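Below is one structure, written out as structure tokens; comments come after it.
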Amino acid sequence: MRNISEKKRIVIKLGTSTIAHKTGKLNIRRMTNLVRVISDLHNSGREIILVSSGAVGLGAGKLGLPEKPKETKMKQAVAAIGQCELMHVYDDMFEKYSVTVAQILLTKTIINNPNHCENFKNTIESLVGMDVIPIVNENDTIAIDELELEIGENDSLSALVAELSGADLLLILSDIDALYDDDPRLNPDAQPISYVEKITPEIEGMAGGAGTSLGTGGMSTKINAAKIATSAGIDMVIMNGRDPEKLYDLFEDKEIGTVFKAIN
């Protein structure tokens with residue numbers, strides 16, 4: 001059932017909990033390993049598009065704040081600081097492997113405008129054609145939709161990016177190993193589900209709970225992303241980003257995480 005090894009254009013969503021410590025500051029060891037493995041997958045001929053959370057979290061960490069601010073205008077200001085920090089880190093780390101990255105900031109207005117969507121698609125195609133890894137994020141300094149959770153968060157954004165860019169696979173790296181039949185943080189007997197053929201009400205019922213104090217997503221937002229991706233004919237995988245080496249296992253079709261099968 002798994003044919004991940006055949007996927008060529010892959011959108012990888014990196015959550016705040018994957019790239020940052022609980023303090024909000026960068027998890028240097030994990031990011032170093034992530035960038036190395038992603039660069040290697042890129043060098044193997046795969047077309048990689050990143051959707052990265054972390055701007056607000058990194059901004060809060062740089063300012064020494066214990067958690068993300070609650071007030072929208074403060075979130076926007078902190079995002080402006082964090083976005084600069086985030087792209088500096090990506091540019092510096094990928095450069096070590098001779099990989100060029102580019103930044104694309106999206107807003108709800110862009111996603112809802114057909115002409116703007118076409119421009120986004122053209123930009124993605126041009127960057128990928130030049131062997132560049134685009135790094136996409138919501139423009140948190142301008143758009144308040146994600147900050148106030150009106151349209152979702154970067155899980156749903158990554159699914160929309162996958163759809164618009166014609167991806168073969170959406171890969172969400174999170175702080176959980178897979179979709180479980182119950183909350184593994186509360187129930188030690190919860191069992192992982194390795195393959196989801198169809199998103200049923202029962203599957204939706206297994207999702208719930210918020211993310212970390214620095215992130216915004218929970219499993220319910222990932223199920224929503226899976227709905228968007230699979231409806232667009234794109235397979236989706238949820239897996240833990242704690243050990244980037246497991247990405248190699250995933251692309252060798254080993255049983256890692258949960259695969260959500262695309263609707264044909």
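Lettering and numbering for the structure tokens are positional, with chains as A, B, ... in the shown order, residues counted from 1 in each chain, and ligands counted from 1 in the shown order.
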Within 6 Å of A:Ala190, counting only C-alpha atoms, which residues qualify if same-chain residues fewer than 5 places away don't, as a PDB file with N, CA and C atoms, in the first residue's frame?
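Written file, part.pdb:
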```
ATOM      1  N   ASP A 181      -5.450   5.595  17.923  1.00  0.00           N
ATOM      2  CA  ASP A 181      -6.876   5.368  18.160  1.00  0.00           C
ATOM      3  C   ASP A 181      -7.362   6.042  19.440  1.00  0.00           C
ATOM      4  N   ASP A 182      -6.417   6.607  20.217  1.00  0.00           N
ATOM      5  CA  ASP A 182      -6.748   7.404  21.389  1.00  0.00           C
ATOM      6  C   ASP A 182      -5.545   8.308  21.662  1.00  0.00           C
ATOM      7  N   PRO A 184      -2.319   9.235  23.000  1.00  0.00           N
ATOM      8  CA  PRO A 184      -1.245   8.472  23.655  1.00  0.00           C
ATOM      9  C   PRO A 184      -0.653   9.184  24.867  1.00  0.00           C
TER      10      PRO A 184
END
```
From stretch 96-211 of chain A, collect each residue whose DSSP state is alpha helix (DSSP H) and return the set as an NGL selection string. :A and (108-112 or 114-129 or 154-164 or 201-205)
In terms of the shortest atom-to-atom distance over only C-alpha atoms, which of A:Ile19, A:Ala167, A:Ala60, A:Val128 is closest to A:Gly45? A:Val128
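Neighbours of stretch 234-244 of chain A closer than or equal to 6 Å, with only C-alpha atoms counted and sequence neighbours fewer than 5 positions away skipped, come out as A:Thr18, A:Leu34, A:Asp168, A:Leu169, A:Leu170, A:Leu171, A:Ile172, A:Leu173, A:Ser174, A:Asp175, A:Ile176, A:Asp177, A:Ala178, A:Ala229, A:Gly257, A:Thr258, A:Val259, A:Phe260, A:Lys261, A:Ala262.
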I want to know what sits within 9 Å of A:Glu204, based on only C-alpha atoms, with residues of the same chain fewer than 6 positions away left out; could you give that as a PyMOL selection string? chain A and resi 220+223-224
Just N, CA and C atoms for this one: save the residues we selected as a PDB file, in the first residue's frame.
```
ATOM      1  N   SER A 220      -6.355  17.407  15.212  1.00  0.00           N
ATOM      2  CA  SER A 220      -7.542  17.770  14.436  1.00  0.00           C
ATOM      3  C   SER A 220      -7.176  18.629  13.229  1.00  0.00           C
ATOM      4  N   ILE A 223      -5.845  16.289  10.567  1.00  0.00           N
ATOM      5  CA  ILE A 223      -6.921  15.590   9.871  1.00  0.00           C
ATOM      6  C   ILE A 223      -7.548  16.515   8.828  1.00  0.00           C
ATOM      7  N   ASN A 224      -7.710  17.779   9.181  1.00  0.00           N
ATOM      8  CA  ASN A 224      -8.244  18.746   8.217  1.00  0.00           C
ATOM      9  C   ASN A 224      -7.312  18.880   7.014  1.00  0.00           C
TER      10      ASN A 224
END
```
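When only C-alpha atoms are used to measure the gap to A:Val51, the shortest distance among A:Thr200, A:Thr16, A:Asn119, A:Thr221 belongs to A:Thr16.
Residues with any atom within 9 Å of A:Val136, counting only C-alpha atoms and excluding same-chain neighbours fewer than 3 positions away, are Ile49, Leu50, Val51, Ser52, Ser53, Ala102, Gln103, Ile104, Leu105, Leu106, Ser158 and Val161 of chain A.
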If we count only C-alpha atoms and set the cut-off at 10 Å, which residues sit around A:Val89, ignoring sequence neighbours fewer than 4 positions away in its own chain? Please answer as an MDAnalysis selection string. chainID A and resid 26 28 31:32 83:85 93:95
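Separating atom CA of A:Lys25 from atom CA of A:Pro66 is a distance of 10.6 Å.
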Which of stretch 30-251 of chain A counts as strand (DSSP E or B) under DSSP, as an NGL selection string please? :A and (47-52 or 101-106 or 133-138 or 169-174 or 179-180 or 192-193 or 195-196 or 235-240)
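Among the candidates A:Ile135, A:Val35, A:Val56, A:Leu164, the residue lying nearest to A:Asp92 is A:Val35 (atoms considered: only C-alpha atoms).
Of note, atom CA of A:Glu138 and atom CA of A:Asn43 are spaced 26.9 Å apart.
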For A:Ser44, the closest of A:Glu245, A:Asp131, A:Asp91, A:Glu255 counting only C-alpha atoms is A:Asp131
